[in-house]
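**Student:** I'd like to ask you about the structure that follows.
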Amino acid sequence: MTVIVSVKINDGIVMAADSAGSMESGQVYAHAHKIANLCEGLSIGAMSTGSGGIGNESVETLLKDLRRRFAGLSADHGNWRLDPEAYTVEQVADRLRSFLFEEKAAVCADPTNIQLRVCG
């Protein structure tokens with residue numbers, strides 16, 4: 001069971017999570033990273049709970065791949081680059097959903113049970 005908590009304070013949002021992670025295969029990791037910054041230099045992050053990954057890719061690895069897209073470092077997804085002056089949390093959440101569930105989970109034969117909370 002995962003515990004994730006976010007609290008809005010005057011200076012921003014505090015995010016916290018436990019560190020045990022499990023994959024659909026039953027494998028358990030004692031030091032999972034369940035909180036990720038989604039775009040370097042921007043105060044926007046995601047916390048994950050549920051399955052520790054999709055297929056053989058961990059949530060941590062998947063979110064690093066998404067961070068590359070948001071930074072404009074993916075040639076195939078140049079339009080995913082986040083404009084620091086104009087992005088919205090809704091836009092980030094929509095792209096996160098599209099990336100994980102429409103792109104990654106849709107082609108994976110294994111069931112996917114991942115929930116994410118986007119904060120920013």
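By convention in this document, the chains of the structure tokens carry letters A, B, ... by their order, each chain's residues are numbered from 1, and ligands are numbered from 1 in the order they are shown.
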If we count only C-alpha atoms, what is near segment 31-46 of chain A at a cut-off of 8 Å, once residues fewer than 3 positions away on the same chain are taken out, given as a PyMOL selection string?

**Tutor:** chain A and resi 15-21+49+59-60+63-64+66-68+70-71+82+84+89+116-120

**Student:** Quick one: pick out all strand (DSSP E) residues within chain A from a backbone DSSP run and write them as number ranges by chain.

**Tutor:** A: 4-9, 12-17, 21-22, 28-29, 35-37, 45-50, 53-54, 57-58, 114-119

**Student:** So, counting only C-alpha atoms, which residue among A:Ala106, A:Ser25, A:Leu96, A:Thr88 is closest to Asn56 of chain A?

**Tutor:**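 That would be A:Ser25, the residue with the smallest distance to Asn56 of chain A.
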
**Student:** For Asp110 of chain A, which residue among A:Glu90, A:Val7, A:Ile54, A:Glu85 is the nearest when counting only C-alpha atoms?

**Tutor:**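 Ranked by minimum distance to Asp110 of chain A, first place goes to A:Ile54.
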
**Student:** Residues within 8 Å of Arg95 of chain A, please, as a PyMOL selection string. Count only C-alpha atoms; anything in the same chain fewer than 4 positions from it doesn't count.

**Tutor:** chain A and resi 80+91+99

**Student:** Skip Ile114 of chain A itself and residues of its chain fewer than 5 positions away, then list as a list of chain:residue names all residues within 7 Å of it, counting only C-alpha atoms.

**Tutor:** A:Ser48, A:Thr49, A:Gly50, A:Ser51

**Student:** Write to file, as an mmCIF file, in the first residue's frame, the residues of the selection just made, with C-alpha atoms.

**Tutor:**
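And here's selection18.cif as it stands now:
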data_model
loop_
_atom_site.group_PDB
_atom_site.id
_atom_site.type_symbol
_atom_site.label_atom_id
_atom_site.label_comp_id
_atom_site.auth_asym_id
_atom_site.auth_seq_id
_atom_site.Cartn_x
_atom_site.Cartn_y
_atom_site.Cartn_z
ATOM 1 C CA SER A 48 2.518 7.905 -8.203
ATOM 2 C CA THR A 49 0.716 5.062 -6.519
ATOM 3 C CA GLY A 50 -0.452 1.661 -7.710
ATOM 4 C CA SER A 51 1.707 -0.473 -9.986
#

**Student:** Would you compute the distance between atom CA of Ala105 of chain A and atom CA of Ala86 of chain A? Give it in Å to one decimal.

**Tutor:**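 We find that atom CA of Ala105 of chain A and atom CA of Ala86 of chain A lie 28.7 Å from each other.
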
**Student:** As a PyMOL selection string, please: every residue in chain A that DSSP puts in helix (DSSP H, G or I).

**Tutor:** chain A and resi 59-70+75-80+89-107

**Student:** Please compute the atom CA of Met1 of chain A-atom CA of Gly55 of chain A distance, one decimal, in Å.

**Tutor:**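 Atom-to-atom, atom CA of Met1 of chain A to atom CA of Gly55 of chain A, that is 19.8 Å.
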
**Student:** Looking at A:Lys8, A:Val14, A:Gly52, A:Tyr29, which one is nearest to Thr112 of chain A, with distances taken over only C-alpha atoms?

**Tutor:**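 Residue with the minimum atom-to-atom distance to Thr112 of chain A: A:Gly52.
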
**Student:** Find the residues near Leu62 of chain A: any atom within 8 Å, counting only C-alpha atoms, skip ones fewer than 4 places away on the same chain, and give them as a PyMOL selection string.

**Tutor:** chain A and resi 53+57-58+66+100

**Student:** Using all heavy atoms, can you export the residues from the last selection as an mmCIF file, in the first residue's frame?

**Tutor:**
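See result_7.cif below for the written result:
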data_model
loop_
_atom_site.group_PDB
_atom_site.id
_atom_site.type_symbol
_atom_site.label_atom_id
_atom_site.label_comp_id
_atom_site.auth_asym_id
_atom_site.auth_seq_id
_atom_site.Cartn_x
_atom_site.Cartn_y
_atom_site.Cartn_z
ATOM 1 N N GLY A 53 5.051 0.286 -12.426
ATOM 2 C CA GLY A 53 5.468 0.517 -13.800
ATOM 3 C C GLY A 53 4.470 0.003 -14.801
ATOM 4 O O GLY A 53 3.394 -0.482 -14.453
ATOM 5 N N GLU A 57 8.951 -1.224 -17.737
ATOM 6 C CA GLU A 57 9.456 0.123 -17.467
ATOM 7 C C GLU A 57 8.886 0.628 -16.145
ATOM 8 O O GLU A 57 7.673 0.610 -15.937
ATOM 9 C CB GLU A 57 9.062 1.094 -18.581
ATOM 10 C CG GLU A 57 9.700 0.782 -19.918
ATOM 11 C CD GLU A 57 9.302 1.785 -20.963
ATOM 12 O OE1 GLU A 57 8.217 1.633 -21.550
ATOM 13 O OE2 GLU A 57 10.083 2.744 -21.184
ATOM 14 N N SER A 58 9.755 1.100 -15.270
ATOM 15 C CA SER A 58 9.294 1.646 -13.991
ATOM 16 C C SER A 58 8.654 3.019 -14.203
ATOM 17 O O SER A 58 8.940 3.705 -15.189
ATOM 18 C CB SER A 58 10.464 1.772 -13.013
ATOM 19 O OG SER A 58 11.335 2.808 -13.419
ATOM 20 N N LEU A 66 9.239 11.345 -19.992
ATOM 21 C CA LEU A 66 8.284 12.445 -20.171
ATOM 22 C C LEU A 66 8.959 13.793 -19.904
ATOM 23 O O LEU A 66 8.720 14.764 -20.624
ATOM 24 C CB LEU A 66 7.079 12.254 -19.245
ATOM 25 C CG LEU A 66 5.982 13.303 -19.354
ATOM 26 C CD1 LEU A 66 5.355 13.300 -20.743
ATOM 27 C CD2 LEU A 66 4.923 13.061 -18.290
ATOM 28 N N LEU A 100 1.292 8.071 -20.620
ATOM 29 C CA LEU A 100 1.273 6.816 -19.865
ATOM 30 C C LEU A 100 0.195 5.844 -20.319
ATOM 31 O O LEU A 100 0.455 4.649 -20.463
ATOM 32 C CB LEU A 100 1.097 7.095 -18.367
ATOM 33 C CG LEU A 100 2.290 7.719 -17.656
ATOM 34 C CD1 LEU A 100 1.959 7.961 -16.201
ATOM 35 C CD2 LEU A 100 3.525 6.845 -17.780
#

**Student:** What is the distance between atom CA of Thr61 of chain A and atom CA of Lys104 of chain A, in Å to one decimal?

**Tutor:**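 Pair atom CA of Thr61 of chain A / atom CA of Lys104 of chain A returns 12.1 Å.
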